[in-house]
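Participant: Quick one, start_39.txt (compact mmCIF, C-alpha atoms and all ligand atoms):
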```txt
# COMPACT_ATOMS: atom_id res chain seq x y z
CA MET A 14 -30.59 -27.92 6.45
CA LYS A 15 -27.47 -26.31 7.90
CA GLN A 16 -25.65 -23.80 5.75
CA GLN A 17 -22.10 -24.89 4.99
CA ILE A 18 -19.61 -22.04 5.14
CA CYS A 19 -16.12 -21.63 3.75
CA ILE A 20 -14.03 -18.93 5.44
CA LEU A 21 -11.13 -17.56 3.43
CA GLY A 22 -8.84 -15.94 6.00
CA ALA A 23 -10.18 -17.77 9.06
CA THR A 24 -7.33 -16.76 11.38
CA GLY A 25 -7.82 -13.02 10.91
CA SER A 26 -9.95 -10.44 12.66
CA ILE A 27 -13.01 -11.02 10.47
CA GLY A 28 -12.42 -14.78 10.23
CA THR A 29 -12.30 -15.33 13.98
CA GLN A 30 -15.36 -13.14 14.57
CA ALA A 31 -17.21 -15.11 11.88
CA LEU A 32 -16.37 -18.30 13.77
CA GLU A 33 -17.87 -16.74 16.93
CA VAL A 34 -21.06 -16.02 15.00
CA ILE A 35 -21.20 -19.58 13.66
CA GLU A 36 -20.65 -20.95 17.15
CA GLN A 37 -23.65 -18.97 18.42
CA HIS A 38 -25.92 -20.58 15.81
CA PRO A 39 -24.94 -24.25 15.57
CA ASP A 40 -28.44 -25.14 14.40
CA ARG A 41 -27.98 -23.03 11.25
CA TYR A 42 -24.34 -22.88 10.30
CA GLU A 43 -21.48 -25.31 9.92
CA VAL A 44 -17.89 -24.73 8.94
CA TYR A 45 -17.00 -26.61 5.78
CA ALA A 46 -13.56 -25.18 5.07
CA LEU A 47 -11.10 -22.85 6.77
CA THR A 48 -8.09 -21.20 5.17
CA ALA A 49 -5.14 -19.11 6.31
CA ASN A 50 -1.92 -17.78 4.86
CA ASN A 51 0.81 -18.36 7.46
CA ARG A 52 -0.69 -18.96 10.88
CA TRP A 53 -0.87 -22.74 10.61
CA GLU A 54 -0.86 -23.35 14.38
CA MET A 55 -3.99 -21.28 14.83
CA LEU A 56 -5.58 -22.91 11.79
CA ALA A 57 -4.85 -26.32 13.34
CA GLU A 58 -6.52 -25.24 16.59
CA GLN A 59 -9.56 -24.05 14.66
CA ALA A 60 -9.65 -27.36 12.75
CA ARG A 61 -9.72 -29.28 16.04
CA LYS A 62 -12.50 -27.14 17.41
CA TYR A 63 -14.79 -26.80 14.38
CA ARG A 64 -13.95 -30.04 12.52
CA PRO A 65 -14.30 -28.67 8.98
CA ALA A 66 -14.08 -31.05 6.03
CA ALA A 67 -10.95 -29.22 4.89
CA VAL A 68 -8.30 -26.71 5.88
CA ILE A 69 -6.05 -24.95 3.40
CA ILE A 70 -2.83 -23.16 4.16
CA ALA A 71 -2.10 -20.75 1.31
CA ASN A 72 1.63 -20.62 2.00
CA GLU A 73 2.81 -24.11 0.97
CA GLU A 74 5.85 -23.90 3.25
CA HIS A 75 3.60 -24.69 6.20
CA TYR A 76 1.89 -27.72 4.67
CA GLU A 77 4.16 -30.31 6.32
CA ALA A 78 3.80 -28.85 9.78
CA LEU A 79 0.04 -28.41 9.48
CA SER A 80 -0.71 -31.86 8.11
CA LYS A 81 1.53 -33.49 10.72
CA THR A 82 -0.22 -31.66 13.56
CA LEU A 83 -3.60 -32.75 12.26
CA GLU A 84 -2.68 -36.41 11.73
CA ASP A 85 -4.89 -37.47 14.62
CA VAL A 86 -7.98 -35.81 13.09
CA PRO A 87 -8.15 -37.65 9.75
CA GLU A 88 -11.65 -36.36 8.96
CA VAL A 89 -10.10 -32.92 8.35
CA LYS A 90 -8.36 -32.94 4.96
CA VAL A 91 -5.32 -30.71 4.70
CA TYR A 92 -4.35 -28.87 1.51
CA ALA A 93 -1.96 -26.09 0.58
CA GLY A 94 -1.46 -23.47 -2.09
CA LYS A 95 -3.46 -21.10 -4.22
CA LYS A 96 -4.84 -23.79 -6.52
CA ALA A 97 -6.33 -25.62 -3.56
CA LEU A 98 -8.04 -22.36 -2.47
CA ASN A 99 -9.61 -21.96 -5.88
CA GLU A 100 -10.82 -25.56 -5.83
CA ILE A 101 -12.19 -25.67 -2.31
CA VAL A 102 -14.54 -22.70 -2.81
CA ALA A 103 -16.22 -24.64 -5.62
CA SER A 104 -17.01 -27.72 -3.47
CA SER A 105 -20.59 -28.80 -4.05
CA GLU A 106 -21.37 -28.90 -0.29
CA ILE A 107 -20.62 -25.21 0.28
CA HIS A 108 -23.45 -22.65 0.39
CA MET A 109 -21.54 -19.48 1.27
CA VAL A 110 -18.00 -18.22 1.00
CA LEU A 111 -16.81 -15.51 3.37
CA THR A 112 -13.92 -13.66 1.73
CA ALA A 113 -11.91 -12.42 4.69
CA MET A 114 -8.35 -12.58 3.44
CA VAL A 115 -6.29 -9.45 2.89
CA GLY A 116 -5.65 -7.61 -0.34
CA TYR A 117 -5.37 -8.70 -3.95
CA SER A 118 -5.19 -12.37 -2.92
CA GLY A 119 -8.98 -12.29 -2.57
CA LEU A 120 -9.67 -11.76 -6.25
CA GLU A 121 -8.98 -15.17 -7.76
CA PRO A 122 -10.79 -17.39 -5.24
CA THR A 123 -13.75 -14.99 -5.30
CA ILE A 124 -14.01 -15.41 -9.07
CA HIS A 125 -13.92 -19.19 -8.63
CA ALA A 126 -16.59 -19.05 -5.91
CA ILE A 127 -18.89 -16.93 -8.10
CA LYS A 128 -18.45 -19.29 -11.03
CA ALA A 129 -19.42 -22.15 -8.71
CA ARG A 130 -22.55 -20.12 -7.80
CA LYS A 131 -21.74 -19.70 -4.11
CA LYS A 132 -23.26 -16.84 -2.17
CA ILE A 133 -20.44 -14.39 -1.47
CA CYS A 134 -20.17 -12.69 1.93
CA LEU A 135 -17.63 -10.08 0.97
CA ALA A 136 -15.24 -8.63 3.52
CA ASN A 137 -12.28 -8.46 1.14
CA LYS A 138 -13.05 -5.04 -0.34
CA GLU A 139 -9.83 -5.11 -2.38
CA THR A 140 -11.55 -7.59 -4.73
CA LEU A 141 -13.99 -4.84 -5.75
CA VAL A 142 -11.32 -2.13 -5.74
CA VAL A 143 -9.15 -4.11 -8.16
CA ALA A 144 -11.82 -5.56 -10.43
CA GLY A 145 -15.24 -4.28 -9.40
CA GLU A 146 -16.68 -4.18 -12.87
CA LEU A 147 -15.61 -7.72 -13.69
CA ILE A 148 -16.89 -9.10 -10.36
CA VAL A 149 -20.27 -7.37 -10.60
CA LYS A 150 -20.78 -8.61 -14.17
CA LEU A 151 -19.78 -12.13 -13.22
CA ALA A 152 -22.12 -12.12 -10.22
CA GLN A 153 -24.99 -11.03 -12.47
CA GLU A 154 -24.15 -13.63 -15.08
CA TYR A 155 -24.08 -16.44 -12.50
CA HIS A 156 -27.00 -15.02 -10.43
CA VAL A 157 -24.83 -14.91 -7.33
CA PRO A 158 -25.66 -12.54 -4.47
CA ILE A 159 -22.82 -10.50 -2.97
CA LEU A 160 -23.59 -9.64 0.64
CA PRO A 161 -21.43 -6.87 2.11
CA VAL A 162 -19.59 -7.53 5.36
CA ASP A 163 -17.84 -4.17 5.55
CA SER A 164 -19.79 -2.33 8.27
CA GLU A 165 -20.56 0.76 6.16
CA HIS A 166 -21.76 -1.28 3.21
CA SER A 167 -23.80 -3.53 5.44
CA ALA A 168 -25.42 -0.39 6.86
CA ILE A 169 -26.21 0.85 3.35
CA PHE A 170 -27.52 -2.58 2.40
CA GLN A 171 -29.70 -2.68 5.54
CA SER A 172 -31.01 0.82 4.73
CA LEU A 173 -32.03 -0.37 1.28
CA VAL A 174 -34.13 -3.28 2.49
CA GLY A 175 -37.72 -2.75 1.32
CA GLU A 176 -36.83 0.09 -1.03
CA GLY A 177 -37.31 -1.90 -4.25
CA ASP A 178 -36.54 0.25 -7.28
CA ASN A 179 -36.50 3.53 -5.33
CA GLU A 180 -33.53 5.49 -6.54
CA ILE A 181 -30.63 6.37 -4.27
CA GLU A 182 -30.13 10.15 -4.28
CA LYS A 183 -27.00 9.98 -2.19
CA ILE A 184 -24.99 7.61 -0.02
CA LEU A 185 -23.60 9.01 3.23
CA LEU A 186 -20.51 6.91 3.90
CA THR A 187 -19.23 7.40 7.43
CA CYS A 188 -15.60 7.25 8.49
CA SER A 189 -14.10 7.33 11.97
CA GLY A 190 -11.31 9.62 10.76
CA GLY A 191 -8.70 7.27 12.20
CA PRO A 192 -6.18 8.02 14.95
CA PHE A 193 -4.72 11.09 13.16
CA ARG A 194 -7.94 12.95 12.50
CA LEU A 195 -6.86 16.03 14.43
CA PHE A 196 -3.16 15.93 13.50
CA SER A 197 -1.54 18.78 11.58
CA TYR A 198 0.43 18.11 8.40
CA GLU A 199 3.62 18.68 10.42
CA GLN A 200 2.57 16.09 13.00
CA LEU A 201 1.72 13.58 10.28
CA LYS A 202 5.33 13.71 9.07
CA ALA A 203 6.51 11.98 12.24
CA VAL A 204 3.82 9.37 12.94
CA THR A 205 4.89 5.74 13.18
CA ALA A 206 3.21 2.41 12.44
CA ALA A 207 2.79 1.86 16.19
CA ASP A 208 0.80 5.14 16.40
CA ALA A 209 -1.27 4.18 13.36
CA LEU A 210 -2.07 0.72 14.72
CA LYS A 211 -4.03 2.28 17.60
CA HIS A 212 -7.41 2.68 15.95
CA PRO A 213 -9.85 4.70 18.07
CA THR A 214 -13.02 2.66 17.51
CA TRP A 215 -12.37 -0.63 15.67
CA ASP A 216 -10.02 -3.55 16.38
CA MET A 217 -8.96 -4.90 12.97
CA GLY A 218 -6.10 -6.56 11.09
CA ALA A 219 -2.88 -4.59 10.60
CA LYS A 220 -3.27 -3.76 6.90
CA ILE A 221 -6.77 -2.30 7.15
CA THR A 222 -5.82 -0.44 10.35
CA ILE A 223 -3.06 1.39 8.47
CA ASP A 224 -5.45 2.00 5.56
CA SER A 225 -7.91 3.47 8.06
CA ALA A 226 -5.25 5.83 9.42
CA SER A 227 -4.32 7.06 5.93
CA LEU A 228 -8.01 7.17 4.86
CA MET A 229 -7.13 4.92 1.92
CA ASN A 230 -9.63 2.53 3.45
CA LYS A 231 -12.37 5.12 2.97
CA GLY A 232 -11.32 5.70 -0.62
CA PHE A 233 -11.53 1.95 -1.19
CA GLU A 234 -14.95 1.92 0.42
CA VAL A 235 -16.20 4.58 -2.01
CA ILE A 236 -15.12 2.26 -4.85
CA GLU A 237 -16.68 -0.72 -3.07
CA ALA A 238 -19.99 1.16 -2.64
CA LYS A 239 -19.99 2.26 -6.26
CA TRP A 240 -19.86 -1.35 -7.46
CA LEU A 241 -22.09 -2.91 -4.80
CA PHE A 242 -24.90 -0.39 -5.14
CA GLY A 243 -24.44 0.89 -8.70
CA VAL A 244 -24.07 4.50 -7.54
CA PRO A 245 -21.55 6.90 -9.14
CA ALA A 246 -18.82 8.23 -6.85
CA GLU A 247 -20.24 11.79 -7.12
CA LYS A 248 -23.27 10.56 -5.18
CA ILE A 249 -21.21 9.09 -2.37
CA GLN A 250 -20.35 11.57 0.34
CA VAL A 251 -17.75 10.70 2.95
CA LEU A 252 -18.59 11.97 6.43
CA VAL A 253 -16.05 11.85 9.21
CA HIS A 254 -17.98 10.58 12.22
CA PRO A 255 -15.55 9.91 15.08
CA GLN A 256 -18.03 7.98 17.24
CA SER A 257 -18.52 5.14 14.68
CA ILE A 258 -22.18 4.77 15.70
CA VAL A 259 -23.94 5.72 12.45
CA HIS A 260 -22.44 3.02 10.23
CA SER A 261 -23.63 4.77 7.02
CA ALA A 262 -26.87 6.03 5.48
CA VAL A 263 -28.84 6.38 2.27
CA GLN A 264 -30.74 9.48 1.15
CA PHE A 265 -33.73 9.04 -1.18
CA ALA A 266 -35.56 11.27 -3.70
CA ASP A 267 -37.88 12.74 -1.05
CA GLY A 268 -34.94 13.79 1.12
CA GLY A 269 -35.59 10.99 3.59
CA ILE A 270 -32.46 9.41 5.03
CA LYS A 271 -32.24 5.87 6.38
CA ALA A 272 -29.25 4.82 8.44
CA GLN A 273 -28.13 1.85 10.49
CA LEU A 274 -26.76 2.58 13.95
CA GLY A 275 -25.18 0.50 16.65
CA VAL A 276 -22.05 0.02 18.72
CA PRO A 277 -19.01 -0.89 16.64
CA ASP A 278 -19.14 -4.71 16.45
CA MET A 279 -18.21 -6.49 13.22
CA ARG A 280 -20.13 -9.58 14.25
CA LEU A 281 -23.37 -7.80 13.31
CA PRO A 282 -22.54 -7.23 9.63
CA ILE A 283 -20.92 -10.69 9.42
CA GLN A 284 -24.01 -12.33 10.89
CA TYR A 285 -26.38 -10.26 8.75
CA ALA A 286 -24.52 -11.32 5.60
CA PHE A 287 -25.00 -14.94 6.67
CA SER A 288 -28.63 -14.68 7.76
CA PHE A 289 -30.15 -12.04 5.42
CA PRO A 290 -33.08 -11.39 5.17
CA GLU A 291 -33.50 -12.75 8.69
CA ARG A 292 -32.08 -11.08 11.79
CA LEU A 293 -30.71 -13.36 14.48
CA TYR A 294 -29.97 -12.70 18.13
CA LEU A 295 -26.50 -11.26 18.76
CA ASN A 296 -25.10 -11.29 22.30
CA GLY A 297 -23.25 -7.96 22.02
CA ASP A 298 -23.53 -4.56 23.69
CA ARG A 299 -26.51 -2.37 22.87
CA LEU A 300 -26.21 1.31 21.95
CA ASP A 301 -26.68 3.73 24.83
CA PRO A 302 -28.23 6.72 23.02
CA PHE A 303 -27.21 9.07 25.83
CA ALA A 304 -23.56 7.99 25.93
CA LYS A 305 -22.08 10.47 23.46
CA PRO A 306 -23.26 13.10 21.01
CA LEU A 307 -22.91 12.24 17.32
CA GLU A 308 -20.67 14.50 15.23
CA PHE A 309 -20.04 14.76 11.48
CA PHE A 310 -17.21 16.54 9.66
CA GLU A 311 -15.84 16.88 6.14
CA PRO A 312 -12.74 14.76 5.42
CA ASP A 313 -9.50 16.62 4.74
CA VAL A 314 -8.20 15.38 1.37
CA GLU A 315 -5.25 17.79 1.47
CA LYS A 316 -3.86 16.17 4.60
CA PHE A 317 -4.94 12.66 3.66
CA LYS A 318 -3.60 12.32 0.15
CA CYS A 319 -4.49 8.61 -0.11
CA LEU A 320 -8.17 9.52 -0.10
CA ALA A 321 -7.54 12.04 -2.89
CA MET A 322 -5.67 9.35 -4.86
CA ALA A 323 -8.58 6.95 -4.49
CA TYR A 324 -10.98 9.61 -5.84
CA GLU A 325 -8.67 10.22 -8.76
CA ALA A 326 -8.53 6.49 -9.49
CA ILE A 327 -12.32 6.31 -9.50
CA SER A 328 -12.65 9.18 -11.96
CA LYS A 329 -10.04 7.61 -14.29
CA GLY A 330 -11.56 4.14 -13.99
CA GLY A 331 -10.14 1.21 -15.99
CA ASN A 332 -7.17 -0.40 -14.28
CA MET A 333 -6.35 2.74 -12.22
CA PRO A 334 -7.96 1.48 -8.98
CA CYS A 335 -5.99 -1.76 -9.47
CA ILE A 336 -2.78 0.30 -9.72
CA VAL A 337 -3.66 2.20 -6.56
CA ASN A 338 -4.47 -1.01 -4.70
CA ALA A 339 -1.18 -2.66 -5.64
CA ALA A 340 0.91 0.41 -4.81
CA ASN A 341 -0.98 0.73 -1.54
CA GLU A 342 -0.25 -2.88 -0.57
CA ILE A 343 3.46 -2.18 -1.05
CA VAL A 344 3.58 1.11 0.86
CA ASN A 345 1.25 -0.14 3.58
CA GLU A 346 3.61 -3.03 4.29
CA GLY A 347 6.59 -0.68 3.87
CA PHE A 348 5.16 1.70 6.44
CA ARG A 349 4.62 -1.15 8.90
CA LYS A 350 8.23 -2.27 8.42
CA GLY A 351 9.65 1.25 8.68
CA ASN A 352 10.60 1.49 4.97
CA CYS A 353 8.14 4.26 4.14
CA SER A 354 6.90 7.33 6.01
CA PHE A 355 3.22 8.00 6.60
CA LEU A 356 3.08 10.86 4.09
CA GLY A 357 5.40 8.96 1.74
CA MET A 358 2.62 6.40 1.18
CA GLY A 359 0.42 8.87 -0.72
CA GLU A 360 3.38 10.24 -2.68
CA ILE A 361 4.52 6.82 -3.88
CA ILE A 362 0.99 5.84 -4.83
CA GLU A 363 0.65 9.05 -6.85
CA LYS A 364 3.91 8.40 -8.72
CA THR A 365 2.98 4.77 -9.36
CA MET A 366 -0.31 5.93 -10.88
CA GLN A 367 1.66 8.10 -13.31
CA ARG A 368 4.12 5.36 -14.30
CA VAL A 369 2.08 2.22 -14.85
CA ALA A 370 0.37 1.83 -18.23
CA PHE A 371 -3.29 2.86 -18.13
CA ASP A 372 -5.89 0.55 -19.65
CA ALA A 373 -9.45 1.84 -19.91
CA TYR A 374 -11.02 -1.59 -20.58
CA PRO A 375 -9.08 -4.17 -18.59
CA ASP A 376 -9.91 -7.88 -18.58
CA TYR A 377 -8.72 -10.36 -15.98
CA ASP A 378 -5.27 -10.80 -17.53
CA VAL A 379 -4.76 -7.04 -17.61
CA TYR A 380 -5.55 -6.86 -13.89
CA VAL A 381 -2.98 -9.56 -13.19
CA GLN A 382 -0.31 -7.74 -15.23
CA THR A 383 -1.24 -4.35 -13.78
CA ASP A 384 -1.01 -5.65 -10.24
CA ALA A 385 2.45 -7.13 -10.83
CA GLU A 386 3.75 -4.05 -12.64
CA ALA A 387 2.39 -1.57 -10.08
CA ARG A 388 3.92 -3.55 -7.21
CA LYS A 389 7.28 -3.50 -8.95
CA VAL A 390 7.14 0.24 -9.64
CA ALA A 391 5.97 1.11 -6.13
CA ARG A 392 8.65 -1.09 -4.56
CA GLU A 393 11.38 0.59 -6.64
CA LEU A 394 10.10 4.03 -5.71
CA MET A 395 9.91 3.13 -2.06
CA LEU A 396 13.35 1.54 -1.72
CA ARG A 397 15.14 4.25 -3.66
P1 LIG B 401 -6.36 -9.94 9.15
O1 LIG B 401 -5.00 -9.52 8.77
O2 LIG B 401 -6.75 -9.92 10.57
O3 LIG B 401 -6.61 -11.43 8.61
C1 LIG B 401 -6.36 -11.80 7.31
C2 LIG B 401 -6.64 -13.27 7.04
O4 LIG B 401 -6.35 -13.53 5.66
C3 LIG B 401 -5.75 -14.21 7.83
O5 LIG B 401 -6.48 -15.37 8.12
C4 LIG B 401 -4.62 -14.53 6.86
O6 LIG B 401 -4.05 -15.80 7.12
C5 LIG B 401 -5.34 -14.53 5.52
N1 LIG B 401 -4.48 -14.14 4.39
C6 LIG B 401 -3.68 -13.06 4.33
N2 LIG B 401 -3.01 -13.02 3.16
C7 LIG B 401 -3.43 -14.09 2.45
C8 LIG B 401 -3.09 -14.63 1.17
N3 LIG B 401 -2.19 -14.05 0.37
N4 LIG B 401 -3.71 -15.75 0.76
C9 LIG B 401 -4.61 -16.37 1.56
N5 LIG B 401 -4.95 -15.93 2.78
C10 LIG B 401 -4.38 -14.82 3.22
O7 LIG B 401 -7.36 -9.06 8.27
P2 LIG B 401 -8.86 -8.59 8.61
O8 LIG B 401 -8.80 -7.35 9.38
O9 LIG B 401 -9.65 -9.74 9.12
O10 LIG B 401 -9.37 -8.17 7.16
C11 LIG B 401 -9.74 -9.13 6.18
C12 LIG B 401 -10.45 -8.43 5.04
O11 LIG B 401 -11.66 -7.88 5.53
C13 LIG B 401 -9.66 -7.27 4.43
O12 LIG B 401 -9.92 -7.21 3.06
C14 LIG B 401 -10.26 -6.05 5.11
O13 LIG B 401 -10.18 -4.89 4.33
C15 LIG B 401 -11.70 -6.49 5.29
N6 LIG B 401 -12.40 -5.82 6.40
C16 LIG B 401 -11.98 -6.02 7.68
C17 LIG B 401 -12.63 -5.38 8.72
C18 LIG B 401 -12.22 -5.62 10.15
O14 LIG B 401 -12.90 -5.16 11.04
N7 LIG B 401 -11.14 -6.31 10.42
C19 LIG B 401 -13.71 -4.55 8.45
C20 LIG B 401 -14.12 -4.37 7.14
C21 LIG B 401 -13.46 -5.02 6.11
MG MG B 402 -15.46 -0.33 6.73
```
Rewrite the coordinates I just gave you, this time as structure tokens.
Ligand code: NAD
Ligand code: MG
Facilitator:
Amino acid sequence: MKQQICILGATGSIGTQALEVIEQHPDRYEVYALTANNRWEMLAEQARKYRPAAVIIANEEHYEALSKTLEDVPEVKVYAGKKALNEIVASSEIHMVLTAMVGYSGLEPTIHAIKARKKICLANKETLVVAGELIVKLAQEYHVPILPVDSEHSAIFQSLVGEGDNEIEKILLTCSGGPFRLFSYEQLKAVTAADALKHPTWDMGAKITIDSASLMNKGFEVIEAKWLFGVPAEKIQVLVHPQSIVHSAVQFADGGIKAQLGVPDMRLPIQYAFSFPERLYLNGDRLDPFAKPLEFFEPDVEKFKCLAMAYEAISKGGNMPCIVNAANEIVNEGFRKGNCSFLGMGEIIEKTMQRVAFDAYPDYDVYVQTDAEARKVARELMLR
């Protein structure tokens, strides 16, 4: 039987690469539902090509235009809005949900998908940054597997295959270092969004590309790893590895280290999340082991304050990572629009952390309130 897949964020970098994977394996996978936020024209094109049962445009303003365009393909139902997203993931026909939308918006539909017992292929790391504890508990309660799509976490997951109850001594989480790895503090003062959007090794959506330049992305990935693999942050070491070949590694009690290597290609972790425990053919480049030497460096948390803020949020716990995520979404967008400097991002996040009420034991409603409050505070600080 073919696996029916719902892609949340189908028009993005991960979403479109997931569609490529599905297209390569028509005997195994079928698209059941596709969603997007604003890019309704592209969503309409995808609907024509893949003929899903449903498409959902999160931003209701585009409903008219989308449904009109798709009038001649009546088998594709068109819906709009957040409620429709939450409902579609629970459709009985769906086997897996790929969460590939950006930011906090991933949390609610992921909760609905878990409650409907759908296998989660998780690209939207912000879901675990905001509410990791809640999501992990819910997944256990509903016996739902969460398969990582993030390349580092997929590498860790792949390294753990066959290890049973063997304890993880340490996770080695690799990081490209981003485009400003060798910049001085003085140089960082003047960098622009256009500079930051030129990532050296990966081609990704705008938000995560900025997070990669500020190293906030790596901080988020430490939080993501903590929840996915049940390992405390102290046992997760970030290694700057500019070649992006070693995608991450796990060290065990005997000192042995297992890693997953390959050329940077997100289709591999996407496909592995779909096909685990099987490995399927992937028509990508193969690693040339002679091409470049592999290097590893310590990250500089003085220069990259966002990474330091993420560590602080982890050690505080509670709703602090949620505060950091919300503030980061504001400054990340602000930086892209020229309303915030590169170094200003870390400063505003730090101040937001000090100003929003801390809650050591948040429930879902607390996360919702925290997110709204932290956005408001960060926005005020930024536009001052
Ligand atoms: P992107 O910006 O390219 O695409 C985002 C997708 O989400 C689009 O389809 C957009 O329409 C949709 N979307 C955005 N806001 C939404 C909202 N409020 N409600 C509903 N849908 C919304 O982003 P991306 O690079 O594909 O990243 C997606 C997620 O995957 C992020 O959480 C990112 O951190 C994670 N991720 C991406 C990569 C990568 O290589 N791109 C790697 C690892 C993890
Ligand atoms: Mg990653």
Participant: Go through A:Glu363, A:Glu165, A:Glu291, A:Asp376 and flag the residue nearest ligand LIG 401 (chain B), using only C-alpha atoms and all ligand atoms for the distances.
Facilitator: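 Going through A:Glu363, A:Glu165, A:Glu291, A:Asp376 one by one, the smallest distance to ligand LIG 401 (chain B) is for A:Glu165.
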Participant: Taking into account only C-alpha atoms, which residue in the set A:Tyr198, A:Tyr76, A:Phe317, A:Trp215 is nearest to Ser26 in chain A?
Facilitator: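 The shortest atom-to-atom distance to Ser26 in chain A comes from A:Trp215.
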Participant: Write out as an MDAnalysis selection string which residues come within 6 Å of Tyr45 in chain A when counting only C-alpha atoms, dropping same-chain ones fewer than 6 positions away.
Facilitator: chainID A and resid 17:19 65:66
Participant: Given the selection you just returned, output its residues as a file containing C-alpha atoms, formatted as a JSON list (two decimals), in the frame of the given file.
Facilitator:
```json
[["chain", "number", "residue", "atom", "x", "y", "z"],
["A", 17, "GLN", "CA", -22.10, -24.89, 4.99],
["A", 18, "ILE", "CA", -19.61, -22.04, 5.14],
["A", 19, "CYS", "CA", -16.12, -21.63, 3.75],
["A", 65, "PRO", "CA", -14.30, -28.67, 8.98],
["A", 66, "ALA", "CA", -14.08, -31.05, 6.03]]
```
Participant: Could you list, with a cut-off of 6 Å and counting all atoms listed in the file, the residues of chain A near ligand LIG 401 (chain B), each shown with its nearest atom pair and the distance in Å rounded to one decimal, rows sorted by chain and ascending number, as a tab-separated table?
Facilitator:
```
residue	atom	partner	partner_atom	distance
A:Gly22	CA	B:LIG401	O5	3.2
A:Ala23	CA	B:LIG401	O5	4.5
A:Thr24	CA	B:LIG401	O5	3.6
A:Gly25	CA	B:LIG401	O3	3.0
A:Ser26	CA	B:LIG401	O9	3.6
A:Ile27	CA	B:LIG401	O9	3.8
A:Gly28	CA	B:LIG401	O9	5.9
A:Ala49	CA	B:LIG401	O6	3.6
A:Asn50	CA	B:LIG401	O6	3.7
A:Asn51	CA	B:LIG401	O6	5.5
A:Arg52	CA	B:LIG401	O6	6.0
A:Ala71	CA	B:LIG401	C9	5.1
A:Ala113	CA	B:LIG401	C11	4.2
A:Met114	CA	B:LIG401	O4	3.1
A:Val115	CA	B:LIG401	O12	4.3
A:Gly116	CA	B:LIG401	O12	5.5
A:Ser118	CA	B:LIG401	N3	4.8
A:Ala136	CA	B:LIG401	O11	4.2
A:Asn137	CA	B:LIG401	O12	3.3
A:Lys138	CA	B:LIG401	O12	5.1
A:Glu139	CA	B:LIG401	O12	5.8
A:Asp163	CA	B:LIG401	C20	4.1
A:Met217	CA	B:LIG401	N7	3.6
A:Gly218	CA	B:LIG401	O8	3.3
A:Ala219	CA	B:LIG401	O1	5.7
A:Ile221	CA	B:LIG401	O13	5.1
A:Met279	CA	B:LIG401	O14	5.9
```
Participant: Could you list, as a PDB file with C-alpha atoms, keeping the file's coordinate frame, all the residues within 8 Å of ligand MG 402 (chain B), counting all atoms listed in the file?
Facilitator:
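Okay, result.pdb is ready:
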```
ATOM      1  CA  ASP A 163     -17.840  -4.170   5.550  1.00  0.00           C
ATOM      2  CA  SER A 164     -19.790  -2.330   8.270  1.00  0.00           C
ATOM      3  CA  GLU A 165     -20.560   0.760   6.160  1.00  0.00           C
ATOM      4  CA  HIS A 166     -21.760  -1.280   3.210  1.00  0.00           C
ATOM      5  CA  CYS A 188     -15.600   7.250   8.490  1.00  0.00           C
ATOM      6  CA  ASN A 230      -9.630   2.530   3.450  1.00  0.00           C
ATOM      7  CA  LYS A 231     -12.370   5.120   2.970  1.00  0.00           C
ATOM      8  CA  GLU A 234     -14.950   1.920   0.420  1.00  0.00           C
TER       9      GLU A 234
END
```
